[in-house]
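Below is model.pdb, holding PDB, C-alpha atoms.
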ATOM      1  CA  MET A   1     -58.455  49.388  -4.278  1.00  0.00           C
ATOM      2  CA  ASN A   2     -58.225  46.907  -1.398  1.00  0.00           C
ATOM      3  CA  TRP A   3     -57.679  47.905   2.184  1.00  0.00           C
ATOM      4  CA  TRP A   4     -54.000  47.622   3.127  1.00  0.00           C
ATOM      5  CA  PHE A   5     -54.700  45.310   6.088  1.00  0.00           C
ATOM      6  CA  SER A   6     -56.682  42.857   3.997  1.00  0.00           C
ATOM      7  CA  GLU A   7     -53.956  42.936   1.335  1.00  0.00           C
ATOM      8  CA  PHE A   8     -51.316  42.080   3.931  1.00  0.00           C
ATOM      9  CA  TRP A   9     -53.599  39.400   5.380  1.00  0.00           C
ATOM     10  CA  ASP A  10     -54.155  37.769   1.977  1.00  0.00           C
ATOM     11  CA  SER A  11     -50.625  38.109   0.580  1.00  0.00           C
ATOM     12  CA  ASP A  12     -48.400  37.722   3.649  1.00  0.00           C
ATOM     13  CA  GLY A  13     -50.671  36.083   6.213  1.00  0.00           C
ATOM     14  CA  PRO A  14     -52.502  37.050   9.405  1.00  0.00           C
ATOM     15  CA  LEU A  15     -49.367  37.112  11.574  1.00  0.00           C
ATOM     16  CA  PHE A  16     -47.576  39.534   9.251  1.00  0.00           C
ATOM     17  CA  ALA A  17     -50.635  41.806   9.088  1.00  0.00           C
ATOM     18  CA  CYS A  18     -51.079  41.900  12.864  1.00  0.00           C
ATOM     19  CA  SER A  19     -47.326  42.310  13.378  1.00  0.00           C
ATOM     20  CA  TRP A  20     -47.379  45.318  11.052  1.00  0.00           C
ATOM     21  CA  VAL A  21     -49.961  47.001  13.294  1.00  0.00           C
ATOM     22  CA  ALA A  22     -47.958  46.255  16.443  1.00  0.00           C
ATOM     23  CA  TRP A  23     -44.670  47.379  14.913  1.00  0.00           C
ATOM     24  CA  VAL A  24     -46.121  50.686  13.686  1.00  0.00           C
ATOM     25  CA  ILE A  25     -47.353  51.532  17.175  1.00  0.00           C
ATOM     26  CA  VAL A  26     -44.141  50.427  18.918  1.00  0.00           C
ATOM     27  CA  SER A  27     -41.842  52.035  16.342  1.00  0.00           C
ATOM     28  CA  ILE A  28     -43.600  55.390  16.369  1.00  0.00           C
ATOM     29  CA  THR A  29     -43.558  55.410  20.174  1.00  0.00           C
ATOM     30  CA  LEU A  30     -39.799  54.719  20.261  1.00  0.00           C
ATOM     31  CA  HIS A  31     -39.249  57.188  17.402  1.00  0.00           C
ATOM     32  CA  GLU A  32     -40.879  59.968  19.416  1.00  0.00           C
ATOM     33  CA  LEU A  33     -39.094  58.970  22.612  1.00  0.00           C
ATOM     34  CA  ALA A  34     -35.786  59.196  20.723  1.00  0.00           C
ATOM     35  CA  HIS A  35     -36.678  62.781  19.844  1.00  0.00           C
ATOM     36  CA  GLY A  36     -37.472  63.414  23.496  1.00  0.00           C
ATOM     37  CA  TRP A  37     -34.322  61.811  24.896  1.00  0.00           C
ATOM     38  CA  THR A  38     -32.168  63.781  22.466  1.00  0.00           C
ATOM     39  CA  ALA A  39     -33.979  67.057  23.142  1.00  0.00           C
ATOM     40  CA  ILE A  40     -33.481  66.610  26.894  1.00  0.00           C
ATOM     41  CA  SER A  41     -29.782  65.913  26.351  1.00  0.00           C
ATOM     42  CA  CYS A  42     -29.625  69.153  24.334  1.00  0.00           C
ATOM     43  CA  GLY A  43     -31.049  71.189  27.239  1.00  0.00           C
ATOM     44  CA  ASP A  44     -34.772  71.115  26.510  1.00  0.00           C
ATOM     45  CA  ASP A  45     -37.028  69.842  29.318  1.00  0.00           C
ATOM     46  CA  ILE A  46     -40.288  70.349  27.409  1.00  0.00           C
ATOM     47  CA  PRO A  47     -40.723  66.630  26.571  1.00  0.00           C
ATOM     48  CA  LYS A  48     -40.487  65.798  30.269  1.00  0.00           C
ATOM     49  CA  LEU A  49     -42.595  68.723  31.484  1.00  0.00           C
ATOM     50  CA  THR A  50     -45.432  67.913  29.079  1.00  0.00           C
ATOM     51  CA  GLY A  51     -45.547  64.269  30.168  1.00  0.00           C
ATOM     52  CA  HIS A  52     -44.434  62.862  26.833  1.00  0.00           C
ATOM     53  CA  MET A  53     -41.570  60.749  28.166  1.00  0.00           C
ATOM     54  CA  THR A  54     -43.818  57.738  28.488  1.00  0.00           C
ATOM     55  CA  ALA A  55     -44.247  54.432  26.671  1.00  0.00           C
ATOM     56  CA  ASN A  56     -47.989  55.089  26.255  1.00  0.00           C
ATOM     57  CA  PRO A  57     -48.600  55.221  22.457  1.00  0.00           C
ATOM     58  CA  PHE A  58     -51.812  57.217  22.940  1.00  0.00           C
ATOM     59  CA  VAL A  59     -49.663  60.075  24.233  1.00  0.00           C
ATOM     60  CA  HIS A  60     -47.468  60.038  21.130  1.00  0.00           C
ATOM     61  CA  ILE A  61     -49.988  59.224  18.375  1.00  0.00           C
ATOM     62  CA  PRO A  62     -52.619  61.981  18.454  1.00  0.00           C
ATOM     63  CA  TRP A  63     -56.295  61.122  18.461  1.00  0.00           C
ATOM     64  CA  PRO A  64     -58.287  61.051  16.273  1.00  0.00           C
ATOM     65  CA  MET A  65     -56.628  62.052  12.979  1.00  0.00           C
ATOM     66  CA  ALA A  66     -53.380  60.098  13.347  1.00  0.00           C
ATOM     67  CA  TRP A  67     -55.268  56.920  14.269  1.00  0.00           C
ATOM     68  CA  ILE A  68     -57.744  57.405  11.407  1.00  0.00           C
ATOM     69  CA  THR A  69     -54.805  57.873   9.045  1.00  0.00           C
ATOM     70  CA  PHE A  70     -53.271  54.685  10.427  1.00  0.00           C
ATOM     71  CA  GLY A  71     -56.497  52.819   9.688  1.00  0.00           C
ATOM     72  CA  LEU A  72     -56.671  54.211   6.148  1.00  0.00           C
ATOM     73  CA  PHE A  73     -53.035  53.923   5.068  1.00  0.00           C
ATOM     74  CA  GLY A  74     -51.298  51.490   7.411  1.00  0.00           C
ATOM     75  CA  PHE A  75     -48.932  54.177   8.672  1.00  0.00           C
ATOM     76  CA  THR A  76     -49.206  57.410  10.606  1.00  0.00           C
ATOM     77  CA  TRP A  77     -47.278  59.971  12.631  1.00  0.00           C
ATOM     78  CA  GLY A  78     -46.491  60.896  16.220  1.00  0.00           C
ATOM     79  CA  LEU A  79     -45.756  64.082  18.124  1.00  0.00           C
ATOM     80  CA  MET A  80     -43.058  65.055  20.596  1.00  0.00           C
ATOM     81  CA  PRO A  81     -43.251  68.658  21.848  1.00  0.00           C
ATOM     82  CA  THR A  82     -39.858  70.397  21.941  1.00  0.00           C
ATOM     83  CA  GLN A  83     -38.617  73.969  22.165  1.00  0.00           C
ATOM     84  CA  PRO A  84     -35.572  74.622  19.953  1.00  0.00           C
ATOM     85  CA  ARG A  85     -34.879  77.889  21.805  1.00  0.00           C
ATOM     86  CA  ASN A  86     -33.792  75.768  24.762  1.00  0.00           C
ATOM     87  CA  TYR A  87     -31.105  73.912  22.814  1.00  0.00           C
ATOM     88  CA  MET A  88     -27.555  74.597  23.929  1.00  0.00           C
ATOM     89  CA  ARG A  89     -25.542  74.078  20.726  1.00  0.00           C
ATOM     90  CA  ARG A  90     -25.693  74.887  17.052  1.00  0.00           C
ATOM     91  CA  TYR A  91     -27.302  72.098  15.048  1.00  0.00           C
ATOM     92  CA  ASP A  92     -29.037  70.612  18.091  1.00  0.00           C
ATOM     93  CA  GLU A  93     -32.292  70.848  16.137  1.00  0.00           C
ATOM     94  CA  THR A  94     -30.722  68.626  13.489  1.00  0.00           C
ATOM     95  CA  ARG A  95     -29.630  66.146  16.150  1.00  0.00           C
ATOM     96  CA  VAL A  96     -33.123  66.028  17.638  1.00  0.00           C
ATOM     97  CA  ALA A  97     -34.757  65.705  14.207  1.00  0.00           C
ATOM     98  CA  LEU A  98     -32.512  62.861  13.069  1.00  0.00           C
ATOM     99  CA  ALA A  99     -32.840  60.963  16.347  1.00  0.00           C
ATOM    100  CA  GLY A 100     -36.285  59.701  15.318  1.00  0.00           C
ATOM    101  CA  PRO A 101     -35.289  58.172  11.956  1.00  0.00           C
ATOM    102  CA  GLY A 102     -32.100  57.016  13.664  1.00  0.00           C
ATOM    103  CA  MET A 103     -34.202  54.979  16.081  1.00  0.00           C
ATOM    104  CA  ASN A 104     -36.116  53.487  13.144  1.00  0.00           C
ATOM    105  CA  LEU A 105     -32.819  52.545  11.515  1.00  0.00           C
ATOM    106  CA  LEU A 106     -31.598  50.861  14.713  1.00  0.00           C
ATOM    107  CA  LEU A 107     -34.844  48.883  14.960  1.00  0.00           C
ATOM    108  CA  ALA A 108     -34.528  47.896  11.299  1.00  0.00           C
ATOM    109  CA  MET A 109     -30.962  46.687  11.857  1.00  0.00           C
ATOM    110  CA  PHE A 110     -32.102  44.655  14.866  1.00  0.00           C
ATOM    111  CA  CYS A 111     -34.788  43.031  12.704  1.00  0.00           C
ATOM    112  CA  VAL A 112     -32.203  42.283   9.997  1.00  0.00           C
ATOM    113  CA  ILE A 113     -29.970  40.527  12.520  1.00  0.00           C
ATOM    114  CA  VAL A 114     -32.846  38.341  13.713  1.00  0.00           C
ATOM    115  CA  LEU A 115     -33.976  37.571  10.159  1.00  0.00           C
ATOM    116  CA  VAL A 116     -30.471  36.654   9.028  1.00  0.00           C
ATOM    117  CA  LEU A 117     -30.039  34.328  12.008  1.00  0.00           C
ATOM    118  CA  VAL A 118     -33.403  32.711  11.246  1.00  0.00           C
ATOM    119  CA  LYS A 119     -32.755  32.359   7.512  1.00  0.00           C
ATOM    120  CA  SER A 120     -29.247  30.984   7.986  1.00  0.00           C
ATOM    121  CA  GLY A 121     -30.428  28.398  10.493  1.00  0.00           C
ATOM    122  CA  ARG A 122     -28.113  29.757  13.178  1.00  0.00           C
ATOM    123  CA  LEU A 123     -31.022  29.727  15.631  1.00  0.00           C
ATOM    124  CA  PRO A 124     -32.038  26.189  16.677  1.00  0.00           C
ATOM    125  CA  LEU A 125     -35.773  26.672  16.253  1.00  0.00           C
ATOM    126  CA  MET A 126     -38.646  24.514  15.108  1.00  0.00           C
ATOM    127  CA  LEU A 127     -39.852  25.298  11.589  1.00  0.00           C
ATOM    128  CA  SER A 128     -43.141  26.740  12.811  1.00  0.00           C
ATOM    129  CA  VAL A 129     -41.322  29.071  15.201  1.00  0.00           C
ATOM    130  CA  SER A 130     -38.870  30.133  12.478  1.00  0.00           C
ATOM    131  CA  ASP A 131     -41.741  30.909  10.116  1.00  0.00           C
ATOM    132  CA  ALA A 132     -43.509  32.935  12.817  1.00  0.00           C
ATOM    133  CA  MET A 133     -40.357  34.895  13.656  1.00  0.00           C
ATOM    134  CA  TRP A 134     -39.808  35.564   9.956  1.00  0.00           C
ATOM    135  CA  ASP A 135     -43.283  37.096   9.637  1.00  0.00           C
ATOM    136  CA  VAL A 136     -42.950  39.179  12.813  1.00  0.00           C
ATOM    137  CA  PHE A 137     -39.499  40.588  12.117  1.00  0.00           C
ATOM    138  CA  SER A 138     -40.075  41.005   8.378  1.00  0.00           C
ATOM    139  CA  ALA A 139     -42.971  43.278   9.274  1.00  0.00           C
ATOM    140  CA  GLY A 140     -40.745  45.118  11.750  1.00  0.00           C
ATOM    141  CA  LEU A 141     -38.017  45.618   9.163  1.00  0.00           C
ATOM    142  CA  GLU A 142     -40.374  47.000   6.529  1.00  0.00           C
ATOM    143  CA  VAL A 143     -42.233  49.251   9.004  1.00  0.00           C
ATOM    144  CA  ASN A 144     -39.019  50.818  10.188  1.00  0.00           C
ATOM    145  CA  MET A 145     -37.602  51.254   6.699  1.00  0.00           C
ATOM    146  CA  VAL A 146     -40.823  53.057   5.784  1.00  0.00           C
ATOM    147  CA  GLY A 147     -40.257  55.187   8.893  1.00  0.00           C
ATOM    148  CA  VAL A 148     -36.718  56.055   7.827  1.00  0.00           C
ATOM    149  CA  LEU A 149     -37.598  56.920   4.225  1.00  0.00           C
ATOM    150  CA  PHE A 150     -40.801  58.793   5.030  1.00  0.00           C
ATOM    151  CA  ASN A 151     -39.417  60.907   7.850  1.00  0.00           C
ATOM    152  CA  LEU A 152     -36.309  61.991   5.948  1.00  0.00           C
ATOM    153  CA  ILE A 153     -38.377  63.673   3.218  1.00  0.00           C
ATOM    154  CA  PRO A 154     -37.693  67.443   3.639  1.00  0.00           C
ATOM    155  CA  VAL A 155     -41.335  68.545   3.795  1.00  0.00           C
ATOM    156  CA  PRO A 156     -42.886  70.095   6.929  1.00  0.00           C
ATOM    157  CA  PRO A 157     -43.541  68.843   9.506  1.00  0.00           C
ATOM    158  CA  LEU A 158     -41.352  65.794   8.829  1.00  0.00           C
ATOM    159  CA  ASP A 159     -37.942  65.291  10.429  1.00  0.00           C
ATOM    160  CA  GLY A 160     -36.105  65.819   7.159  1.00  0.00           C
ATOM    161  CA  TRP A 161     -37.531  69.326   6.985  1.00  0.00           C
ATOM    162  CA  HIS A 162     -36.464  70.153  10.547  1.00  0.00           C
ATOM    163  CA  ALA A 163     -32.925  68.955   9.844  1.00  0.00           C
ATOM    164  CA  LEU A 164     -32.561  70.685   6.475  1.00  0.00           C
ATOM    165  CA  ARG A 165     -33.941  74.021   7.646  1.00  0.00           C
ATOM    166  CA  ASP A 166     -31.483  73.946  10.550  1.00  0.00           C
ATOM    167  CA  LEU A 167     -28.566  73.135   8.266  1.00  0.00           C
ATOM    168  CA  TRP A 168     -29.699  75.512   5.487  1.00  0.00           C
ATOM    169  CA  PRO A 169     -31.672  78.523   6.827  1.00  0.00           C
ATOM    170  CA  ALA A 170     -32.589  79.658   3.294  1.00  0.00           C
ATOM    171  CA  TYR A 171     -34.669  76.498   2.926  1.00  0.00           C
ATOM    172  CA  ASP A 172     -36.690  77.473   5.987  1.00  0.00           C
ATOM    173  CA  ARG A 173     -37.701  80.779   4.413  1.00  0.00           C
ATOM    174  CA  ILE A 174     -39.419  78.918   1.576  1.00  0.00           C
ATOM    175  CA  TRP A 175     -41.961  77.527   4.027  1.00  0.00           C
ATOM    176  CA  GLN A 176     -42.587  80.657   6.091  1.00  0.00           C
ATOM    177  CA  GLY A 177     -45.949  82.414   6.050  1.00  0.00           C
ATOM    178  CA  GLU A 178     -49.455  81.110   5.460  1.00  0.00           C
ATOM    179  CA  ARG A 179     -48.686  79.986   1.910  1.00  0.00           C
ATOM    180  CA  GLY A 180     -45.719  77.925   3.026  1.00  0.00           C
ATOM    181  CA  GLY A 181     -47.760  76.295   5.780  1.00  0.00           C
ATOM    182  CA  ALA A 182     -50.543  75.420   3.353  1.00  0.00           C
ATOM    183  CA  ILE A 183     -48.053  73.966   0.876  1.00  0.00           C
ATOM    184  CA  GLY A 184     -46.566  71.830   3.650  1.00  0.00           C
ATOM    185  CA  ILE A 185     -49.967  70.410   4.632  1.00  0.00           C
ATOM    186  CA  VAL A 186     -50.871  69.641   1.018  1.00  0.00           C
ATOM    187  CA  ALA A 187     -47.454  68.087   0.377  1.00  0.00           C
ATOM    188  CA  THR A 188     -47.682  65.874   3.454  1.00  0.00           C
ATOM    189  CA  TRP A 189     -51.135  64.578   2.536  1.00  0.00           C
ATOM    190  CA  ALA A 190     -49.978  64.034  -1.046  1.00  0.00           C
ATOM    191  CA  LEU A 191     -47.210  61.835   0.341  1.00  0.00           C
ATOM    192  CA  PHE A 192     -49.789  59.693   2.126  1.00  0.00           C
ATOM    193  CA  TRP A 193     -52.170  59.503  -0.838  1.00  0.00           C
ATOM    194  CA  TYR A 194     -49.763  59.227  -3.766  1.00  0.00           C
ATOM    195  CA  GLY A 195     -46.239  58.746  -2.431  1.00  0.00           C
ATOM    196  CA  GLY A 196     -47.068  56.014   0.028  1.00  0.00           C
ATOM    197  CA  ALA A 197     -46.961  53.239  -2.551  1.00  0.00           C
ATOM    198  CA  ILE A 198     -43.532  54.390  -3.749  1.00  0.00           C
ATOM    199  CA  ILE A 199     -42.164  54.580  -0.206  1.00  0.00           C
ATOM    200  CA  TYR A 200     -43.558  51.121   0.599  1.00  0.00           C
ATOM    201  CA  GLU A 201     -41.980  49.722  -2.564  1.00  0.00           C
ATOM    202  CA  TRP A 202     -38.553  51.184  -1.804  1.00  0.00           C
ATOM    203  CA  ALA A 203     -38.771  50.062   1.807  1.00  0.00           C
ATOM    204  CA  GLY A 204     -39.473  46.526   0.617  1.00  0.00           C
ATOM    205  CA  ARG A 205     -36.549  46.582  -1.823  1.00  0.00           C
ATOM    206  CA  LEU A 206     -34.148  47.927   0.764  1.00  0.00           C
ATOM    207  CA  SER A 207     -35.340  45.341   3.281  1.00  0.00           C
ATOM    208  CA  VAL A 208     -34.528  42.508   0.881  1.00  0.00           C
ATOM    209  CA  GLU A 209     -31.114  43.977   0.078  1.00  0.00           C
ATOM    210  CA  MET A 210     -30.285  44.411   3.759  1.00  0.00           C
ATOM    211  CA  ILE A 211     -31.117  40.757   4.450  1.00  0.00           C
ATOM    212  CA  GLU A 212     -29.064  39.607   1.461  1.00  0.00           C
ATOM    213  CA  PHE A 213     -26.140  41.730   2.607  1.00  0.00           C
ATOM    214  CA  GLY A 214     -26.397  40.236   6.090  1.00  0.00           C
ATOM    215  CA  MET A 215     -26.413  36.730   4.646  1.00  0.00           C
ATOM    216  CA  LYS A 216     -23.219  37.487   2.718  1.00  0.00           C
ATOM    217  CA  LEU A 217     -21.528  38.747   5.880  1.00  0.00           C
ATOM    218  CA  ILE A 218     -22.057  35.481   7.745  1.00  0.00           C
ATOM    219  CA  ALA A 219     -21.528  33.160   4.756  1.00  0.00           C
TER
END
Would you mind writing the file's structure down as structure tokens?
Amino acid sequence: MNWWFSEFWDSDGPLFACSWVAWVIVSITLHELAHGWTAISCGDDIPKLTGHMTANPFVHIPWPMAWITFGLFGFTWGLMPTQPRNYMRRYDETRVALAGPGMNLLLAMFCVIVLVLVKSGRLPLMLSVSDAMWDVFSAGLEVNMVGVLFNLIPVPPLDGWHALRDLWPAYDRIWQGERGGAIGIVATWALFWYGGAIIYEWAGRLSVEMIEFGMKLIA
């Protein structure tokens, strides 16, 4: 099995491969900041008090395991400390949890807009610039669609789990205790090892469909 970076380099080109790395770091940082902004708006100052409201990716992507995972799989995770007991309203935990994937979706939509403008020729750019922008924003679209799909899976500690356990307390009881915690760790690693290829494939399909839909809108 080839390394993901070399596969991207060979199949999509150096710019796409390097853009993927940059987009993962930027997207995870903004994903975690979205959690933090939403938590603060819900009455929780923990993100601010712990110094996590910063654009520094090394604060959000924990060293060393998250960075090693990034090197191995081409994707990883971030952390934003919050305290749900500080939230002011029912379902604030759901709002905070969904803010992260919501940020990924917004970034994906931004990339779609740029890609549609490039593909339709609405931007007066030289061919070389158009090709470069296509590689950069195609990587951004796929990275963020992976972020949306991956984080919505209802397995701890992913955002989908936080949202579902808040909406359906009985689901939370399944994961309580040492056995539940162990199952969550195994399930998360299984997603990276075995589910990653499926998530990447679906992210790629959805990316293509989103671009095609955008092209139809401006036709």
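Our summary of the geometry notes that atom CA of A:Trp37 is positioned 19.7 Å from atom CA of A:Trp161.
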Can you write out as a tab-separated table which residues of stretch 121-217 of chain A fall within 12 Å of stretch 5-29 of chain A, alongside each residue's closest atom pair and its distance in Å to one decimal, counting only C-alpha atoms and ordering rows by chain and ascending residue number?
residue	atom	partner	partner_atom	distance
A:Val129	CA	A:Leu15	CA	11.9
A:Asp131	CA	A:Leu15	CA	9.9
A:Ala132	CA	A:Leu15	CA	7.3
A:Met133	CA	A:Leu15	CA	9.5
A:Trp134	CA	A:Phe16	CA	8.8
A:Asp135	CA	A:Phe16	CA	5.0
A:Val136	CA	A:Ser19	CA	5.4
A:Phe137	CA	A:Ser19	CA	8.1
A:Ser138	CA	A:Phe16	CA	7.7
A:Ala139	CA	A:Trp20	CA	5.2
A:Gly140	CA	A:Trp23	CA	5.5
A:Leu141	CA	A:Trp23	CA	9.0
A:Glu142	CA	A:Trp20	CA	8.5
A:Val143	CA	A:Val24	CA	6.3
A:Asn144	CA	A:Ser27	CA	6.9
A:Met145	CA	A:Ser27	CA	10.6
A:Val146	CA	A:Val24	CA	9.8
A:Gly147	CA	A:Ile28	CA	8.2
A:Val148	CA	A:Ser27	CA	10.7
A:Asn151	CA	A:Ile28	CA	11.0
>> Residues near A:Ile46, anyone? I mean within 10 Å using only C-alpha atoms, not counting same-chain ones fewer than 4 positions away, as a PyMOL selection string.
In response: chain A and resi 36+39-40+50-53+80-84+86
Given the file above and the PyMOL selection byres ((chain A and resi 199-209) around 7), which residues are selected, and can you give them as an mmCIF file with C-alpha atoms, keeping the file's coordinate frame?
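In the end it all went to selection_3.cif:
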data_model
loop_
_atom_site.group_PDB
_atom_site.id
_atom_site.type_symbol
_atom_site.label_atom_id
_atom_site.label_comp_id
_atom_site.auth_asym_id
_atom_site.auth_seq_id
_atom_site.Cartn_x
_atom_site.Cartn_y
_atom_site.Cartn_z
ATOM 1 C CA LEU A 141 -38.017 45.618 9.163
ATOM 2 C CA GLU A 142 -40.374 47.000 6.529
ATOM 3 C CA MET A 145 -37.602 51.254 6.699
ATOM 4 C CA VAL A 146 -40.823 53.057 5.784
ATOM 5 C CA LEU A 149 -37.598 56.920 4.225
ATOM 6 C CA PHE A 150 -40.801 58.793 5.030
ATOM 7 C CA GLY A 195 -46.239 58.746 -2.431
ATOM 8 C CA GLY A 196 -47.068 56.014 0.028
ATOM 9 C CA ALA A 197 -46.961 53.239 -2.551
ATOM 10 C CA ILE A 198 -43.532 54.390 -3.749
ATOM 11 C CA MET A 210 -30.285 44.411 3.759
ATOM 12 C CA ILE A 211 -31.117 40.757 4.450
ATOM 13 C CA GLU A 212 -29.064 39.607 1.461
ATOM 14 C CA PHE A 213 -26.140 41.730 2.607
#
> How many Å separate atom CA of A:Val118 from atom CA of A:Ala34?
Replying inline: 28.2 Å
>> Between atom CA of A:Thr94 and atom CA of A:Gly74, what is the distance in Å, rounded to a tenth?
In response: 27.5 Å
> Which is closer to A:Val116 than all the others in A:Ala219, A:Trp3, A:Arg85, A:Val59, using all atoms listed in the file?
Replying inline: A:Ala219
>> To test your reading of the syntax: which residues would the PyMOL selection byres ((chain A and resi 95) around 12) return for the file shown? Reply as a ChimeraX atom specification.
In response: /A:34-42,84,87-94,96-102,159-160,162-164,166-167
Hey, can I get the axis-aligned box for stretch 197-211 of chain A? All listed atoms, 5 Å padding on each side, centre and edge lengths in Å to one decimal, as JSON.
{"center_x": -38.6, "center_y": 47.7, "center_z": 0.4, "size_x": 26.7, "size_y": 23.8, "size_z": 18.2}
> Pick from A:Asn2, A:Thr69, A:Thr54, A:Thr188: nearest to A:Val155, with only C-alpha atoms counted?
Replying inline: A:Thr188
